[in-house]
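The block underneath contains the structure these notes are about, expressed in structure tokens.
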Amino acid sequence: MIRAVLFFCFLLSTLGAQAAPLRIGVSETVLSLPLYVAEEEGFFQKHGVSVEFMNCVGGNRCIKNMLNGQTDLSTATELPVVFSSFTRNDFAILTSFVSGSNDLKVVARTEAKINQPGQLRNKTLGYVKGSASQYVLDSVLVYNGIDPDTVKLKAITPETALMALANKEVDALCIWEPFASRIELELGAEVMLVPIPKLYTATFNLIAMQDVIKSKPKEIERIVRALKDSTQFIQMHPDKAKALAAKRLKIPVVLVDRIFDNYRFRLSLNRSLPRTMEGQARWAIREGHVPGNSHQPNFTGFFYPAFLKTVDPGAVSLQ
């Protein structure tokens with residue numbers, strides 16, 4: 001009798017462990033739309049996987065939360081992955097699910113009279129440390145022949161970006177959507193977009209801890225299948241997807257509609273991604289954004305394409 005009770009308790013605990021949802025750090029951005037769609041349209045349920053969204057502002061924070069054990073998976077552009085790769089290698093990119101070359105914007109105070117990138121010289125500029133904002137701003141300066149030492153850089157957060165402009169703490173700043181559009185909506189004629197060249201195509205990725213990859217392979221594959229359904233849904237039903245993005249991000253649909261075509265929603269792991277990350281790592285070392293004795297990481301081990309190869313073989317071209 002006692003053995004039967006113990007076995008029953010063991011069985012219940014095992015089932016409970018299997019039923020525990022995978023926690024995903026979801027950045028509050030249009031780039032996370034495939035995850036929002038998967039939840040809204042029941043694609044996770046369709047593929048038999050339970051997930052829990054842990055919202056975070058920016059992929060750099062999502063990555064940090066995952067590395068600190070608060071989530072099992074994370075969403076982020078590749079740059080926070082690059083920064084984290086200098087100190088640890090116990091995580092990997094599973095798939096990209098969206099890319100875009102116009103997600104990050106440079107927003108300036110109108111009275112600062114920054115009508116073109118060349119006029120950023122000698123200005124006070126805001127950026128989000130450890131994010132694509134930092135990389136894009138630096139790239140724009142260098143491309144336009146501006147020594148970063150000739151500007152005053154001020155670290156901001158996405159939440160303080162609007163007030164930094166409104167209170168004249170910065171002349172301009174680099175920030176991603178939907179924060180750029182929210183600033184334009186709130187401050188109106190007080191701000192303007194600075195036209196910048198499309199120097200960088202960001203990928204938005206699903207990232208997981210290695211121990212989760214090993215312990216929950218079936219569940220992760222099901223998440224990737226759900227994301228494939230989501231990207232196809234977005235392509236087939238863009239208006240419904242736009243409405244969902246507006247609802248989740250609490251911005252008008254008209255703003256989503258204005259930026260929606262900047263993004264390409266599809267699963268992929270392209271050979272261009274590790275090359276981009278290698279270039280970003282060299283930049284981080286050169287510009288002193290990582291300790292001076294840092295060595296270039298080998299990014300081969302920071303990809304785990306097996307799930308995507310199973311779900312969509314043609315989407316993988318890392319070699």
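In the structure tokens, chains take the letters A, B, ... in the order shown, each chain's residues start at 1, and ligands count up from 1 in the order shown.
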
(message) Set the distance at 6 Å and use only C-alpha atoms: which residues neighbour A:Arg109 once local chain neighbours fewer than 6 positions away are removed? I'd like the list as a PyMOL selection string.
(response) chain A and resi 171+190-191

Save out the residues we just selected, all heavy atoms, as a PDB file, in the first residue's frame.
ATOM      1  N   ASP A 171      20.106  66.101 -27.135  1.00  0.00           N
ATOM      2  CA  ASP A 171      19.664  66.744 -28.370  1.00  0.00           C
ATOM      3  C   ASP A 171      18.973  65.741 -29.296  1.00  0.00           C
ATOM      4  O   ASP A 171      18.073  66.103 -30.050  1.00  0.00           O
ATOM      5  CB  ASP A 171      20.855  67.372 -29.091  1.00  0.00           C
ATOM      6  CG  ASP A 171      21.526  68.452 -28.256  1.00  0.00           C
ATOM      7  OD1 ASP A 171      20.823  69.396 -27.846  1.00  0.00           O
ATOM      8  OD2 ASP A 171      22.736  68.339 -28.009  1.00  0.00           O
ATOM      9  N   GLU A 190       7.633  68.975 -31.457  1.00  0.00           N
ATOM     10  CA  GLU A 190       8.842  69.234 -30.674  1.00  0.00           C
ATOM     11  C   GLU A 190      10.013  68.338 -31.096  1.00  0.00           C
ATOM     12  O   GLU A 190      11.156  68.616 -30.755  1.00  0.00           O
ATOM     13  CB  GLU A 190       8.568  69.028 -29.180  1.00  0.00           C
ATOM     14  CG  GLU A 190       7.574  70.011 -28.589  1.00  0.00           C
ATOM     15  CD  GLU A 190       7.344  69.734 -27.110  1.00  0.00           C
ATOM     16  OE1 GLU A 190       8.314  69.346 -26.420  1.00  0.00           O
ATOM     17  OE2 GLU A 190       6.202  69.892 -26.651  1.00  0.00           O
ATOM     18  N   VAL A 191       9.682  67.242 -31.817  1.00  0.00           N
ATOM     19  CA  VAL A 191      10.735  66.315 -32.235  1.00  0.00           C
ATOM     20  C   VAL A 191      10.624  66.020 -33.722  1.00  0.00           C
ATOM     21  O   VAL A 191       9.594  66.283 -34.356  1.00  0.00           O
ATOM     22  CB  VAL A 191      10.677  64.985 -31.441  1.00  0.00           C
ATOM     23  CG1 VAL A 191      10.941  65.230 -29.973  1.00  0.00           C
ATOM     24  CG2 VAL A 191       9.342  64.290 -31.654  1.00  0.00           C
TER      25      VAL A 191
END

Quick one: which stretch 10-78 of chain A residues come within 12 Å of stretch 131-139 of chain A, and what is the nearest atom pair for each with the distance in Å to one decimal, counting only C-alpha atoms, rows ordered by chain and ascending number, as a Markdown table?
| residue | atom | partner | partner_atom | distance |
| --- | --- | --- | --- | --- |
| A:Val57 | CA | A:Ser131 | CA | 11.2 |
| A:Gly58 | CA | A:Ser131 | CA | 7.8 |
| A:Gly59 | CA | A:Ser131 | CA | 7.4 |
| A:Asn60 | CA | A:Ser131 | CA | 5.8 |
| A:Arg61 | CA | A:Ser131 | CA | 9.1 |
| A:Cys62 | CA | A:Ser131 | CA | 11.1 |
| A:Ile63 | CA | A:Ser131 | CA | 10.7 |
| A:Lys64 | CA | A:Ser131 | CA | 11.7 |
| A:Ala76 | CA | A:Ser131 | CA | 9.2 |
| A:Thr77 | CA | A:Ala132 | CA | 7.3 |
| A:Glu78 | CA | A:Ala132 | CA | 8.3 |

Output all heavy atoms for every residue in that selection, as a short mmCIF file (atom, residue, chain, number, x, y, z; two decimals), in the first residue's frame.
data_model
loop_
_atom_site.label_atom_id
_atom_site.label_comp_id
_atom_site.auth_asym_id
_atom_site.auth_seq_id
_atom_site.Cartn_x
_atom_site.Cartn_y
_atom_site.Cartn_z
N VAL A 57 11.42 45.04 -21.18
CA VAL A 57 11.61 46.18 -22.08
C VAL A 57 13.01 46.11 -22.68
O VAL A 57 14.00 46.47 -22.04
CB VAL A 57 11.42 47.52 -21.33
CG1 VAL A 57 11.61 48.69 -22.29
CG2 VAL A 57 10.03 47.57 -20.69
N GLY A 58 13.09 45.58 -23.88
CA GLY A 58 14.37 45.47 -24.58
C GLY A 58 14.98 44.09 -24.46
O GLY A 58 14.93 43.44 -23.41
N GLY A 59 15.55 43.64 -25.58
CA GLY A 59 16.17 42.32 -25.60
C GLY A 59 17.35 42.21 -24.66
O GLY A 59 17.64 41.12 -24.15
N ASN A 60 18.05 43.31 -24.40
CA ASN A 60 19.18 43.26 -23.46
C ASN A 60 18.71 42.85 -22.07
O ASN A 60 19.37 42.09 -21.36
CB ASN A 60 19.94 44.59 -23.43
CG ASN A 60 19.05 45.78 -23.14
OD1 ASN A 60 17.85 45.77 -23.40
ND2 ASN A 60 19.63 46.84 -22.60
N ARG A 61 17.54 43.33 -21.68
CA ARG A 61 17.00 42.94 -20.37
C ARG A 61 16.46 41.50 -20.41
O ARG A 61 16.59 40.76 -19.43
CB ARG A 61 15.89 43.89 -19.95
CG ARG A 61 16.35 45.30 -19.69
CD ARG A 61 15.23 46.15 -19.14
NE ARG A 61 15.57 47.56 -19.15
CZ ARG A 61 14.72 48.53 -18.84
NH1 ARG A 61 13.48 48.22 -18.49
NH2 ARG A 61 15.10 49.79 -18.88
N CYS A 62 15.85 41.13 -21.53
CA CYS A 62 15.34 39.76 -21.65
C CYS A 62 16.48 38.75 -21.52
O CYS A 62 16.34 37.73 -20.83
CB CYS A 62 14.64 39.57 -23.00
SG CYS A 62 13.07 40.46 -23.16
N ILE A 63 17.60 39.03 -22.19
CA ILE A 63 18.76 38.15 -22.11
C ILE A 63 19.27 38.09 -20.66
O ILE A 63 19.57 37.01 -20.13
CB ILE A 63 19.89 38.65 -23.03
CG1 ILE A 63 19.58 38.29 -24.49
CG2 ILE A 63 21.22 38.07 -22.63
CD1 ILE A 63 19.95 36.89 -24.88
N LYS A 64 19.37 39.23 -20.02
CA LYS A 64 19.86 39.28 -18.65
C LYS A 64 18.98 38.45 -17.73
O LYS A 64 19.47 37.70 -16.88
CB LYS A 64 19.93 40.73 -18.17
CG LYS A 64 20.49 40.89 -16.76
CD LYS A 64 20.56 42.36 -16.36
CE LYS A 64 21.11 42.51 -14.94
NZ LYS A 64 21.19 43.95 -14.53
N ALA A 76 15.57 38.51 -28.38
CA ALA A 76 16.50 39.63 -28.45
C ALA A 76 17.08 39.72 -29.85
O ALA A 76 17.08 38.75 -30.60
CB ALA A 76 17.64 39.47 -27.43
N THR A 77 17.59 40.89 -30.20
CA THR A 77 18.41 41.00 -31.39
C THR A 77 19.73 40.30 -31.10
O THR A 77 20.00 39.89 -29.96
CB THR A 77 18.68 42.47 -31.78
OG1 THR A 77 19.42 43.10 -30.73
CG2 THR A 77 17.38 43.22 -32.04
N GLU A 78 20.57 40.19 -32.09
CA GLU A 78 21.81 39.44 -31.90
C GLU A 78 22.84 40.20 -31.06
O GLU A 78 23.74 39.58 -30.49
CB GLU A 78 22.42 39.06 -33.26
CG GLU A 78 23.08 40.16 -34.03
CD GLU A 78 22.11 41.14 -34.66
OE1 GLU A 78 20.92 40.79 -34.83
OE2 GLU A 78 22.54 42.27 -34.98
#

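Of the residues listed (A:Met163, A:Gly118, A:Asn270, A:Ser181), A:Gly118 shows the shortest atom-to-atom separation from A:Thr150; distances use only C-alpha atoms.
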
(message) Let me make sure I understand: among A:Ala20, A:Leu185, A:Val316, A:Leu94, which one has the smallest atom-to-atom distance to A:Val254 if we use only C-alpha atoms?
(response)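 Counting only C-alpha atoms, the residue closest to A:Val254 is A:Leu185.
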
(request) Choose the residue, out of A:Leu206, A:Leu35, A:Val51, A:Leu162, that has the smallest atom-to-atom separation from A:Phe302; count only C-alpha atoms. (result) A:Leu206

(request) Just the residues within 9 Å of A:Pro297, please, counting only C-alpha atoms, with nothing from its chain fewer than 4 positions along; format it as a list in words. (result)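 Selected residues are Val82, Ser85, Phe86, Glu278 and Ala281 of chain A.
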
Keeping all heavy atoms, export the residues of the selection given above as a compact mmCIF listing (two decimals), in the first residue's frame.
# COMPACT_ATOMS: atom_id res chain seq x y z
N VAL A 82 25.85 38.93 -28.47
CA VAL A 82 27.28 39.19 -28.65
C VAL A 82 27.91 39.69 -27.35
O VAL A 82 28.95 39.19 -26.91
CB VAL A 82 27.51 40.22 -29.78
CG1 VAL A 82 28.96 40.68 -29.81
CG2 VAL A 82 27.12 39.62 -31.13
N SER A 85 28.26 36.94 -24.90
CA SER A 85 29.17 35.86 -25.32
C SER A 85 30.59 36.06 -24.83
O SER A 85 31.38 35.13 -24.82
CB SER A 85 29.17 35.74 -26.85
OG SER A 85 29.82 36.86 -27.44
N PHE A 86 30.91 37.27 -24.39
CA PHE A 86 32.27 37.51 -23.88
C PHE A 86 32.47 36.92 -22.49
O PHE A 86 33.61 36.76 -22.05
CB PHE A 86 32.55 39.02 -23.85
CG PHE A 86 32.84 39.61 -25.20
CD1 PHE A 86 31.85 40.27 -25.92
CD2 PHE A 86 34.11 39.51 -25.76
CE1 PHE A 86 32.12 40.82 -27.16
CE2 PHE A 86 34.39 40.06 -27.00
CZ PHE A 86 33.38 40.71 -27.71
N GLU A 278 30.22 38.56 -35.60
CA GLU A 278 31.67 38.69 -35.56
C GLU A 278 32.09 40.15 -35.71
O GLU A 278 32.98 40.63 -35.00
CB GLU A 278 32.31 37.83 -36.65
CG GLU A 278 32.21 36.33 -36.39
CD GLU A 278 32.54 35.50 -37.61
OE1 GLU A 278 32.88 36.11 -38.66
OE2 GLU A 278 32.47 34.26 -37.53
N ALA A 281 31.31 41.97 -32.51
CA ALA A 281 32.27 41.64 -31.46
C ALA A 281 33.56 42.44 -31.65
O ALA A 281 34.13 42.95 -30.67
CB ALA A 281 32.56 40.14 -31.47

(request) as a PyMOL selection string, please: all residues of stretch 100-190 of chain A that backbone DSSP puts in strand (DSSP E). (result) chain A and resi 100+104-109+124-127+152-155+172-176

(request) For A:Arg225, please output as a PyMOL selection string all residues within 12 Å (counting only C-alpha atoms; exclusion window: fewer than 3 positions along the same chain). (result) chain A and resi 34-35+38+43-49+94-95+97+218-222+228-232+266-267+307-312

Selection from above, N, CA and C atoms, as an mmCIF file, in the first residue's frame, can you write it?
data_model
loop_
_atom_site.group_PDB
_atom_site.id
_atom_site.type_symbol
_atom_site.label_atom_id
_atom_site.label_comp_id
_atom_site.auth_asym_id
_atom_site.auth_seq_id
_atom_site.Cartn_x
_atom_site.Cartn_y
_atom_site.Cartn_z
ATOM 1 N N PRO A 34 5.315 37.652 -33.716
ATOM 2 C CA PRO A 34 5.040 36.217 -33.901
ATOM 3 C C PRO A 34 4.691 35.499 -32.594
ATOM 4 N N LEU A 35 5.277 35.916 -31.491
ATOM 5 C CA LEU A 35 4.941 35.309 -30.209
ATOM 6 C C LEU A 35 3.548 35.720 -29.763
ATOM 7 N N ALA A 38 1.148 33.713 -31.835
ATOM 8 C CA ALA A 38 1.112 32.306 -31.429
ATOM 9 C C ALA A 38 0.233 32.114 -30.203
ATOM 10 N N PHE A 43 -1.590 28.810 -31.331
ATOM 11 C CA PHE A 43 -0.615 27.933 -31.990
ATOM 12 C C PHE A 43 0.225 27.145 -30.983
ATOM 13 N N PHE A 44 0.489 27.719 -29.823
ATOM 14 C CA PHE A 44 1.202 26.958 -28.795
ATOM 15 C C PHE A 44 0.347 25.765 -28.358
ATOM 16 N N GLN A 45 -0.924 26.047 -28.132
ATOM 17 C CA GLN A 45 -1.845 24.979 -27.724
ATOM 18 C C GLN A 45 -1.982 23.928 -28.817
ATOM 19 N N LYS A 46 -2.050 24.375 -30.056
ATOM 20 C CA LYS A 46 -2.156 23.460 -31.192
ATOM 21 C C LYS A 46 -1.015 22.450 -31.204
ATOM 22 N N HIS A 47 0.183 22.909 -30.876
ATOM 23 C CA HIS A 47 1.360 22.035 -30.927
ATOM 24 C C HIS A 47 1.679 21.398 -29.573
ATOM 25 N N GLY A 48 0.799 21.601 -28.610
ATOM 26 C CA GLY A 48 0.929 20.887 -27.350
ATOM 27 C C GLY A 48 2.050 21.345 -26.452
ATOM 28 N N VAL A 49 2.267 22.665 -26.379
ATOM 29 C CA VAL A 49 3.315 23.178 -25.502
ATOM 30 C C VAL A 49 2.745 24.324 -24.663
ATOM 31 N N LEU A 94 18.248 29.744 -31.336
ATOM 32 C CA LEU A 94 17.527 28.625 -31.948
ATOM 33 C C LEU A 94 17.010 28.981 -33.338
ATOM 34 N N THR A 95 16.527 30.194 -33.484
ATOM 35 C CA THR A 95 16.030 30.664 -34.776
ATOM 36 C C THR A 95 15.841 32.173 -34.735
ATOM 37 N N PHE A 97 13.245 35.030 -36.160
ATOM 38 C CA PHE A 97 11.877 34.968 -36.663
ATOM 39 C C PHE A 97 11.387 36.287 -37.253
ATOM 40 N N LYS A 218 11.644 18.422 -26.974
ATOM 41 C CA LYS A 218 10.346 18.299 -27.643
ATOM 42 C C LYS A 218 9.533 19.580 -27.492
ATOM 43 N N GLU A 219 9.569 20.157 -26.296
ATOM 44 C CA GLU A 219 8.806 21.377 -26.053
ATOM 45 C C GLU A 219 9.343 22.538 -26.890
ATOM 46 N N ILE A 220 10.678 22.629 -26.985
ATOM 47 C CA ILE A 220 11.262 23.721 -27.764
ATOM 48 C C ILE A 220 10.935 23.562 -29.245
ATOM 49 N N GLU A 221 11.000 22.338 -29.737
ATOM 50 C CA GLU A 221 10.637 22.124 -31.144
ATOM 51 C C GLU A 221 9.199 22.558 -31.399
ATOM 52 N N ARG A 222 8.311 22.304 -30.459
ATOM 53 C CA ARG A 222 6.910 22.703 -30.609
ATOM 54 C C ARG A 222 6.757 24.220 -30.614
ATOM 55 N N LYS A 228 6.536 29.168 -36.599
ATOM 56 C CA LYS A 228 6.386 29.044 -38.052
ATOM 57 C C LYS A 228 4.948 29.324 -38.456
ATOM 58 N N ASP A 229 4.002 28.778 -37.708
ATOM 59 C CA ASP A 229 2.589 29.063 -37.978
ATOM 60 C C ASP A 229 2.311 30.560 -37.866
ATOM 61 N N SER A 230 2.920 31.189 -36.870
ATOM 62 C CA SER A 230 2.690 32.610 -36.640
ATOM 63 C C SER A 230 3.201 33.473 -37.791
ATOM 64 N N THR A 231 4.412 33.190 -38.244
ATOM 65 C CA THR A 231 4.962 34.002 -39.333
ATOM 66 C C THR A 231 4.136 33.842 -40.602
ATOM 67 N N GLN A 232 3.647 32.642 -40.845
ATOM 68 C CA GLN A 232 2.778 32.425 -42.003
ATOM 69 C C GLN A 232 1.451 33.160 -41.832
ATOM 70 N N ARG A 266 9.717 35.816 -40.839
ATOM 71 C CA ARG A 266 9.938 34.440 -41.300
ATOM 72 C C ARG A 266 11.035 33.810 -40.461
ATOM 73 N N LEU A 267 11.008 32.492 -40.353
ATOM 74 C CA LEU A 267 12.042 31.779 -39.618
ATOM 75 C C LEU A 267 13.297 31.672 -40.481
ATOM 76 N N PHE A 307 16.464 22.293 -34.211
ATOM 77 C CA PHE A 307 15.005 22.416 -34.183
ATOM 78 C C PHE A 307 14.484 23.033 -35.479
ATOM 79 N N LEU A 308 15.148 24.093 -35.935
ATOM 80 C CA LEU A 308 14.714 24.735 -37.168
ATOM 81 C C LEU A 308 14.905 23.817 -38.363
ATOM 82 N N LYS A 309 15.974 23.024 -38.380
ATOM 83 C CA LYS A 309 16.186 22.072 -39.470
ATOM 84 C C LYS A 309 15.060 21.055 -39.536
ATOM 85 N N THR A 310 14.534 20.662 -38.388
ATOM 86 C CA THR A 310 13.421 19.713 -38.344
ATOM 87 C C THR A 310 12.134 20.364 -38.812
ATOM 88 N N VAL A 311 11.891 21.586 -38.367
ATOM 89 C CA VAL A 311 10.636 22.282 -38.659
ATOM 90 C C VAL A 311 10.618 22.852 -40.073
ATOM 91 N N ASP A 312 11.737 23.440 -40.510
ATOM 92 C CA ASP A 312 11.791 24.111 -41.816
ATOM 93 C C ASP A 312 13.223 24.021 -42.342
#
